[in-house]
Amino acid sequence: GTVVPLTYVADTVRYYTNGVLQAAPAVIAGPPFTINGISVPAGGNATVVYEAALNEFAPLAAESTIGNTVTVSQDGPEAESHRLLHRKA
């Protein structure tokens with residue numbers, strides 16, 4: 001099966017639209033980790049912040065990195081995918 005190196009830390013999602021904190025969105029801890037109910041206003045922006053902890057599948061070598069792929073989808077056929085890198089402390 002598939003293993004993931006990060007575990008979502010419960011109740012840490014913060015969601016902002018145009019810099020204003022919004023009600024917490026629905027979260028499925030997963031895997032896969034899923035956040036539902038994010039709305040981006042026309043001409044605006046949305047920021048989602050959350051904590052994730054390294055787990056037993058995380059690489060432990062010095063200078064290791066973990067790739068975290070985020071898929072953003074919207075109503076309709078278009079979708080975007082962004083790749084974020086998290087460096088192990």
# chains A, B, ... in the order shown; residues from 1 in each chain; ligands from 1
call {"tool": "residues_around", "arguments": {"residues": "Ala46 in chain A", "least_positions_apart": "6", "cutoff": "7 Å", "atoms": "only C-alpha atoms", "output": "list in words"}}
result
Tyr16, Thr17, Asn18 and Val40 of chain A
call {"tool": "write_last_selection", "arguments": {"atoms": "N, CA, C and O atoms", "output": "CSV table (one decimal), in the first residue's frame"}}
result
chain,number,residue,atom,x,y,z
A,16,TYR,N,-8.3,31.6,5.5
A,16,TYR,CA,-8.5,33.0,5.4
A,16,TYR,C,-8.9,33.3,3.9
A,16,TYR,O,-8.4,32.8,3.0
A,17,THR,N,-9.9,34.3,3.8
A,17,THR,CA,-10.1,34.8,2.5
A,17,THR,C,-9.8,36.3,2.6
A,17,THR,O,-10.3,37.0,3.5
A,18,ASN,N,-9.0,36.8,1.6
A,18,ASN,CA,-8.6,38.2,1.6
A,18,ASN,C,-8.1,38.6,3.0
A,18,ASN,O,-8.3,39.7,3.4
A,40,VAL,N,-13.0,30.8,-2.9
A,40,VAL,CA,-12.1,31.9,-3.3
A,40,VAL,C,-13.0,33.0,-3.9
A,40,VAL,O,-13.6,32.7,-5.0
call {"tool": "select_by_dssp", "arguments": {"residues": "chain A", "states": "strand (DSSP E or B)", "output": "VMD selection string"}}
result
chain A and resid 6 to 8 14 to 17 20 to 21 26 to 28 34 to 36 46 to 49 52 to 54 65 to 73 79 to 87
call {"tool": "residues_around", "arguments": {"residues": "Val9 in chain A", "least_positions_apart": "5", "cutoff": "9 Å", "atoms": "only C-alpha atoms", "output": "list in words"}}
result
Ala29, Tyr50, Glu51, Ala52 and Ala53 of chain A
call {"tool": "closest_residue", "arguments": {"among": "A:Thr2, A:Thr7, A:Asn45, A:Thr71", "to": "Gly30 in chain A", "atoms": "only C-alpha atoms"}}
result
A:Thr7
call {"tool": "atom_distance", "arguments": {"atom1": "CA of Leu60 in chain A", "atom2": "CA of Pro5 in chain A"}}
result
10.4 Å
